[in-house]
file query05.cif (mmCIF, C-alpha atoms)
data_data
#
loop_
_atom_site.label_atom_id
_atom_site.label_comp_id
_atom_site.auth_asym_id
_atom_site.auth_seq_id
_atom_site.Cartn_x
_atom_site.Cartn_y
_atom_site.Cartn_z
CA MET A 1 -24.82 9.90 -31.98
CA PRO A 2 -26.26 11.47 -28.78
CA SER A 3 -26.85 8.03 -27.26
CA LEU A 4 -23.32 6.91 -28.09
CA SER A 5 -21.93 10.04 -26.46
CA ALA A 6 -23.97 9.37 -23.35
CA VAL A 7 -22.65 5.83 -23.14
CA ALA A 8 -19.08 7.03 -23.52
CA LEU A 9 -19.58 9.68 -20.83
CA SER A 10 -21.04 7.09 -18.45
CA ALA A 11 -18.05 4.84 -18.97
CA VAL A 12 -15.65 7.68 -18.15
CA LEU A 13 -17.57 8.51 -14.98
CA VAL A 14 -17.51 4.87 -13.86
CA LEU A 15 -13.77 4.63 -14.35
CA SER A 16 -12.99 7.94 -12.68
CA GLY A 17 -15.21 7.07 -9.73
CA CYS A 18 -13.45 3.82 -8.86
CA ALA A 19 -12.21 3.79 -5.27
CA GLY A 20 -13.16 7.42 -4.85
CA GLY A 21 -10.39 8.63 -7.15
CA THR A 22 -9.24 8.69 -10.73
CA GLU A 23 -7.32 6.38 -13.00
CA ILE A 24 -3.70 7.10 -13.78
CA GLU A 25 -2.26 5.52 -16.89
CA ALA A 26 1.39 4.68 -17.36
CA GLY A 27 2.22 2.98 -20.62
CA GLY A 28 -1.00 2.02 -22.34
CA GLU A 29 -4.47 0.53 -22.20
CA GLU A 30 -3.43 -2.39 -20.00
CA ASP A 31 -1.42 -0.29 -17.53
CA ARG A 32 -4.21 1.66 -15.84
CA PHE A 33 -4.11 2.07 -12.08
CA ILE A 34 -6.62 3.56 -9.66
CA SER A 35 -5.45 6.58 -7.70
CA GLY A 36 -7.65 6.64 -4.61
CA ASP A 37 -8.47 9.65 -2.45
CA GLY A 38 -6.93 8.25 0.72
CA SER A 39 -10.22 7.25 2.31
CA ALA A 40 -9.99 4.64 5.09
CA THR A 41 -12.28 1.81 6.16
CA VAL A 42 -12.10 0.19 9.60
CA PHE A 43 -13.37 -3.35 10.17
CA GLU A 44 -14.56 -4.09 13.68
CA ALA A 45 -13.32 -7.24 15.41
CA GLY A 46 -16.38 -9.33 14.53
CA ASP A 47 -16.38 -8.26 10.90
CA ARG A 48 -12.76 -8.88 9.96
CA ALA A 49 -11.98 -11.25 7.12
CA ALA A 50 -8.90 -13.44 7.28
CA ALA A 51 -6.00 -12.16 5.21
CA PRO A 52 -5.04 -14.49 2.35
CA GLU A 53 -1.85 -16.45 2.75
CA VAL A 54 0.60 -14.81 0.38
CA SER A 55 4.35 -14.90 0.10
CA GLY A 56 7.08 -13.50 -2.08
CA THR A 57 10.73 -12.56 -2.43
CA THR A 58 12.27 -9.33 -1.17
CA PHE A 59 14.81 -7.23 -3.07
CA GLU A 60 17.45 -8.89 -0.92
CA GLY A 61 16.34 -12.34 -2.07
CA ASP A 62 14.66 -13.39 1.18
CA GLU A 63 11.41 -15.38 1.13
CA LEU A 64 8.66 -13.85 3.28
CA SER A 65 5.06 -14.85 3.96
CA LEU A 66 2.32 -13.06 5.88
CA SER A 67 2.08 -15.93 8.35
CA GLU A 68 5.53 -15.00 9.67
CA PHE A 69 4.05 -11.83 11.14
CA GLU A 70 1.31 -13.52 13.18
CA GLY A 71 1.18 -12.22 16.73
CA ARG A 72 2.05 -8.69 15.58
CA ILE A 73 0.18 -5.99 13.71
CA LEU A 74 1.26 -5.81 10.07
CA VAL A 75 0.99 -2.78 7.79
CA VAL A 76 1.09 -3.84 4.13
CA ASN A 77 1.73 -1.02 1.67
CA VAL A 78 1.40 -1.45 -2.11
CA TRP A 79 3.66 0.92 -4.04
CA ALA A 80 5.78 1.57 -7.13
CA SER A 81 8.80 3.80 -7.69
CA TRP A 82 7.07 5.58 -10.61
CA CYS A 83 4.01 6.44 -8.47
CA GLY A 84 4.03 10.07 -7.30
CA PRO A 85 1.57 9.59 -4.41
CA CYS A 86 3.65 6.62 -3.23
CA ARG A 87 6.75 8.81 -2.99
CA ALA A 88 4.75 11.51 -1.23
CA GLU A 89 3.57 9.15 1.52
CA GLN A 90 6.96 7.47 2.08
CA PRO A 91 8.04 9.82 4.91
CA VAL A 92 4.78 9.03 6.70
CA LEU A 93 5.39 5.28 6.46
CA ASP A 94 8.98 5.66 7.64
CA GLU A 95 7.97 7.80 10.61
CA VAL A 96 5.18 5.51 11.76
CA HIS A 97 7.39 2.45 11.27
CA ALA A 98 10.06 3.97 13.50
CA GLU A 99 7.57 4.91 16.22
CA TYR A 100 5.51 1.71 16.38
CA GLY A 101 8.13 -1.03 16.15
CA ASP A 102 8.19 -1.41 19.94
CA LEU A 103 4.39 -1.54 19.99
CA GLY A 104 4.13 -4.78 18.05
CA VAL A 105 3.79 -3.24 14.58
CA ASP A 106 5.69 -4.44 11.50
CA PHE A 107 5.67 -3.03 7.96
CA LEU A 108 5.87 -4.85 4.63
CA GLY A 109 5.97 -3.17 1.25
CA VAL A 110 4.65 -4.79 -1.94
CA ASN A 111 6.21 -3.34 -5.07
CA ILE A 112 4.11 -3.94 -8.20
CA LYS A 113 4.34 -3.22 -11.95
CA ASP A 114 7.82 -1.81 -11.55
CA ASN A 115 11.38 -2.12 -12.69
CA GLU A 116 13.22 -4.08 -10.01
CA THR A 117 16.44 -2.06 -10.31
CA ALA A 118 14.60 1.26 -9.99
CA ALA A 119 12.48 -0.03 -7.11
CA ALA A 120 15.48 -1.37 -5.17
CA ALA A 121 17.35 1.90 -5.75
CA TYR A 122 14.34 3.81 -4.43
CA THR A 123 14.32 1.93 -1.12
CA GLU A 124 18.08 2.31 -0.77
CA ASN A 125 18.13 6.03 -1.58
CA LYS A 126 15.21 6.72 0.73
CA GLY A 127 16.66 4.61 3.53
CA VAL A 128 13.52 2.50 3.87
CA GLU A 129 14.15 0.18 6.80
CA TYR A 130 11.36 -2.36 6.31
CA PRO A 131 11.35 -5.03 3.57
CA SER A 132 9.38 -5.03 0.34
CA LEU A 133 8.31 -7.94 -1.83
CA PHE A 134 9.03 -7.52 -5.53
CA ASP A 135 5.72 -8.46 -7.12
CA GLN A 136 5.91 -7.24 -10.71
CA PRO A 137 2.72 -8.98 -11.93
CA GLY A 138 0.71 -7.79 -8.90
CA GLU A 139 -0.21 -11.20 -7.52
CA VAL A 140 -0.38 -10.01 -3.89
CA PRO A 141 -2.96 -7.26 -4.61
CA GLN A 142 -4.92 -9.82 -6.61
CA ALA A 143 -5.09 -12.01 -3.51
CA PHE A 144 -6.56 -9.06 -1.56
CA ARG A 145 -9.02 -8.09 -4.32
CA GLU A 146 -12.06 -8.67 -2.07
CA THR A 147 -10.83 -5.84 0.18
CA VAL A 148 -8.84 -3.48 -2.06
CA PRO A 149 -9.10 -3.04 -5.86
CA PRO A 150 -5.98 -4.73 -7.28
CA ARG A 151 -5.13 -1.64 -9.32
CA ALA A 152 -5.32 0.80 -6.39
CA ILE A 153 -1.89 2.33 -5.85
CA PRO A 154 -0.82 3.28 -3.33
CA SER A 155 -2.96 1.30 -0.95
CA THR A 156 -2.42 0.18 2.62
CA LEU A 157 -3.81 -2.74 4.62
CA VAL A 158 -3.61 -3.18 8.39
CA ILE A 159 -3.68 -6.80 9.51
CA ASP A 160 -4.26 -7.63 13.17
CA PRO A 161 -2.14 -10.13 15.17
CA ASP A 162 -4.70 -12.87 14.49
CA GLY A 163 -4.14 -12.52 10.75
CA ASN A 164 -7.40 -10.67 10.02
CA ILE A 165 -7.82 -7.48 7.96
CA ALA A 166 -8.55 -4.66 10.40
CA ALA A 167 -8.40 -1.60 8.12
CA ARG A 168 -7.61 -0.41 4.62
CA VAL A 169 -6.65 2.87 2.95
CA ILE A 170 -7.17 3.33 -0.79
CA GLY A 171 -4.79 6.09 -1.84
CA PRO A 172 -1.96 7.82 0.04
CA THR A 173 -2.22 7.78 3.82
CA THR A 174 -1.24 10.46 6.32
CA TYR A 175 0.46 10.31 9.70
CA GLY A 176 -2.71 11.14 11.60
CA GLN A 177 -4.78 8.66 9.63
CA LEU A 178 -2.36 5.73 9.93
CA THR A 179 -1.64 6.24 13.62
CA GLY A 180 -5.38 6.58 14.18
CA LEU A 181 -5.86 3.14 12.63
CA LEU A 182 -3.02 1.56 14.60
CA ASN A 183 -3.66 2.99 18.08
CA PRO A 184 -6.92 1.10 18.76
CA LEU A 185 -5.36 -2.17 17.59
CA VAL A 186 -2.31 -1.72 19.79
CA VAL A 187 -4.63 -1.24 22.76
CA GLU A 188 -7.04 -4.01 21.71
CA PHE A 189 -4.25 -6.60 21.66
CA GLY A 190 -2.44 -5.29 24.73
CA LEU A 191 0.75 -4.42 22.89
CA GLY A 192 1.50 -1.24 24.81
CA ASP A 193 0.40 2.35 25.24
CA PRO A 194 0.67 4.23 21.93
CA GLU A 195 0.41 7.56 23.75
CA GLU A 196 3.78 6.89 25.37
CA ARG A 197 5.67 6.26 22.12
CA VAL A 198 8.56 8.51 21.13
CA ARG A 199 7.50 11.04 18.50
CA ILE A 200 10.16 11.07 15.80
CA SER A 201 9.17 14.57 14.75
CA GLU A 202 10.06 15.86 18.23
CA LEU A 203 13.60 14.49 18.20
CA GLU A 204 16.47 16.91 17.72
CA GLY A 205 17.65 17.04 14.12
CA TYR A 206 14.44 15.58 12.69
CA GLY A 207 14.07 16.44 9.01
CA GLU A 208 17.64 17.68 8.58
CA GLY A 209 19.70 16.39 5.69
CA ALA A 210 16.76 15.35 3.52
CA ASP A 211 17.87 15.23 -0.10
CA SER A 212 15.08 15.06 -2.66
CA SER A 213 17.64 14.92 -5.47
CA GLU A 214 18.11 11.21 -4.80
CA GLU A 215 14.76 10.37 -6.36
CA PRO A 216 15.09 7.51 -8.84
CA GLY A 217 13.67 7.90 -12.30
CA GLU A 218 10.05 7.19 -13.09
CA PRO A 219 10.09 4.14 -15.38
CA GLU A 220 6.77 3.01 -16.69
CA PRO A 221 5.49 -0.40 -15.63
CA SER A 222 7.20 -3.13 -17.64
CA ASP A 223 5.38 -5.02 -20.35
CA ASP A 224 5.16 -8.26 -18.36
CA ASP A 225 1.64 -7.60 -17.10
CA SER A 226 -0.15 -10.76 -18.16
CA ALA A 227 -0.45 -12.24 -14.66
CA ALA A 228 -2.42 -9.28 -13.32
CA ASP A 229 -4.33 -8.16 -16.41
CA THR A 230 -6.36 -11.24 -17.26
CA ASP A 231 -9.57 -9.98 -15.65
CA GLN A 232 -9.32 -6.20 -15.96
CA GLY A 233 -13.04 -5.77 -16.38
CA ALA A 234 -13.81 -7.73 -13.23
CA GLU A 235 -11.30 -5.72 -11.23
CA GLU A 236 -12.75 -2.39 -12.35
CA ALA A 237 -16.26 -3.61 -11.62
CA ASP A 238 -15.18 -4.69 -8.15
CA ALA A 239 -13.60 -1.31 -7.45
CA ASP A 240 -16.67 0.55 -8.71
CA GLY A 241 -19.06 -1.62 -6.75
CA ASP A 242 -17.32 -1.12 -3.40
CA GLY A 243 -19.28 1.57 -1.70
CA THR A 244 -17.49 1.54 1.65
#

call {"tool": "encode", "arguments": {"input": "query05.cif", "output": "structure tokens"}}
result
Amino acid sequence: MPSLSAVALSAVLVLSGCAGGTEIEAGGEEDRFISGDGSATVFEAGDRAAAPEVSGTTFEGDELSLSEFEGRILVVNVWASWCGPCRAEQPVLDEVHAEYGDLGVDFLGVNIKDNETAAAAYTENKGVEYPSLFDQPGEVPQAFRETVPPRAIPSTLVIDPDGNIAARVIGPTTYGQLTGLLNPLVVEFGLGDPEERVRISELEGYGEGADSSEEPGEPEPSDDDSAADTDQGAEEADADGDGT
């Protein structure tokens, strides 16, 4: 019995240590997701891996692929409407998106394991101005599994204008962290001076009229998880083995 207890305790520690955070469960055994601590990793120019070529359909029915953003910096954010940390970081994403559009920076959301109606209502109620792919089975995070654990939510990737992965954040990001990742890239690729950008928070009327009552409900991930759950053990091992 003592040895069995030790094994069980070790398993819990491994799972809770993935990506520097803890697992959150919504639904059941096959619906676990890693909630990271928001730690960031920067990849220097010579160490950047090429981003996989992925594509998908937005809530508006438009087809988008990562290759369409070449020549600009792309921030890819993985989220779900039922994810509390995702909702908490949304104002940060909106603010940075508004400030960096003229500095060659685009944003693309990837909505996973969600109800499409609830997710679309979330973006409408929050006034999110950048597109999101609806990726219920989580195929896009699977394609990035060498860089970010596929079950890490929220997570953010920064892709440089050459299509290479320049940085990642596992967990919710902050304004200072995200702008700190973008500023060197903007300068590196000669896209402008980030210090001269307009600070949204300094504009008159900033923050007025916010209505938190428009939050959508928190539906659990739907049962159609087969596409992303076929190698759960490998995903968890990958997340646990990533020491950066």

call {"tool": "atom_distance", "arguments": {"input": "query05.cif", "atom1": "CA of Gln90 in chain A", "atom2": "CA of Ala45 in chain A"}}
result
28.4 Å

call {"tool": "resolve_selection", "arguments": {"input": "query05.cif", "expression": "the PyMOL selection byres ((chain A and resi 173) around 8)", "output": "VMD selection string"}}
result
chain A and resid 38 89 92 156 169 171 to 172 174 to 175 177 to 178

call {"tool": "closest_residue", "arguments": {"input": "query05.cif", "among": "A:Phe33, A:Phe189, A:Phe144, A:Phe43", "to": "Asn77 in chain A", "atoms": "all atoms listed in the file"}}
result
A:Phe144

call {"tool": "resolve_selection", "arguments": {"input": "query05.cif", "expression": "the PyMOL selection byres ((chain A and resi 51) around 9)", "output": "list in words"}}
result
Arg48, Ala49, Ala50, Pro52, Glu53, Val54, Leu66, Ala143, Phe144, Ile159, Gly163, Asn164 and Ile165 of chain A

call {"tool": "atom_distance", "arguments": {"input": "query05.cif", "atom1": "CA of Pro150 in chain A", "atom2": "CA of Ala80 in chain A"}}
result
13.3 Å

call {"tool": "closest_residue", "arguments": {"input": "query05.cif", "among": "A:Val187, A:Ile153, A:Val42, A:Leu64", "to": "Arg87 in chain A", "atoms": "only C-alpha atoms"}}
result
A:Ile153

call {"tool": "resolve_selection", "arguments": {"input": "query05.cif", "expression": "the PyMOL selection byres ((chain A and resi 199-204) around 12)", "output": "CSV table (one decimal) with C-alpha atoms, in the coordinates of the input"}}
result
chain,number,residue,atom,x,y,z
A,91,PRO,CA,8.0,9.8,4.9
A,92,VAL,CA,4.8,9.0,6.7
A,93,LEU,CA,5.4,5.3,6.5
A,94,ASP,CA,9.0,5.7,7.6
A,95,GLU,CA,8.0,7.8,10.6
A,96,VAL,CA,5.2,5.5,11.8
A,97,HIS,CA,7.4,2.4,11.3
A,98,ALA,CA,10.1,4.0,13.5
A,99,GLU,CA,7.6,4.9,16.2
A,100,TYR,CA,5.5,1.7,16.4
A,175,TYR,CA,0.5,10.3,9.7
A,179,THR,CA,-1.6,6.2,13.6
A,194,PRO,CA,0.7,4.2,21.9
A,195,GLU,CA,0.4,7.6,23.8
A,196,GLU,CA,3.8,6.9,25.4
A,197,ARG,CA,5.7,6.3,22.1
A,198,VAL,CA,8.6,8.5,21.1
A,205,GLY,CA,17.6,17.0,14.1
A,206,TYR,CA,14.4,15.6,12.7
A,207,GLY,CA,14.1,16.4,9.0
A,208,GLU,CA,17.6,17.7,8.6

call {"tool": "closest_residue", "arguments": {"input": "query05.cif", "among": "A:Gly84, A:Gly101, A:Gly109, A:Pro154", "to": "Phe59 in chain A", "atoms": "only C-alpha atoms"}}
result
A:Gly109

call {"tool": "closest_residue", "arguments": {"input": "query05.cif", "among": "A:Cys83, A:Ala152, A:Val128, A:Val76", "to": "Val110 in chain A", "atoms": "all atoms listed in the file"}}
result
A:Val76

call {"tool": "closest_residue", "arguments": {"input": "query05.cif", "among": "A:Pro184, A:Gly36, A:Lys126, A:Asn115", "to": "Pro149 in chain A", "atoms": "all atoms listed in the file"}}
result
A:Gly36

call {"tool": "atom_distance", "arguments": {"input": "query05.cif", "atom1": "CA of Glu63 in chain A", "atom2": "CA of Asn111 in chain A"}}
result
14.5 Å

call {"tool": "closest_residue", "arguments": {"input": "query05.cif", "among": "A:Asp102, A:Asp162, A:Glu68, A:Asp37", "to": "Gly192 in chain A", "atoms": "only C-alpha atoms"}}
result
A:Asp102

call {"tool": "residues_around", "arguments": {"input": "query05.cif", "residues": "Pro161 in chain A", "least_positions_apart": "6", "cutoff": "8 Å", "atoms": "all atoms listed in the file", "output": "list in words"}}
result
Phe69, Glu70, Gly71, Arg72, Ile73, Leu74 and Phe189 of chain A
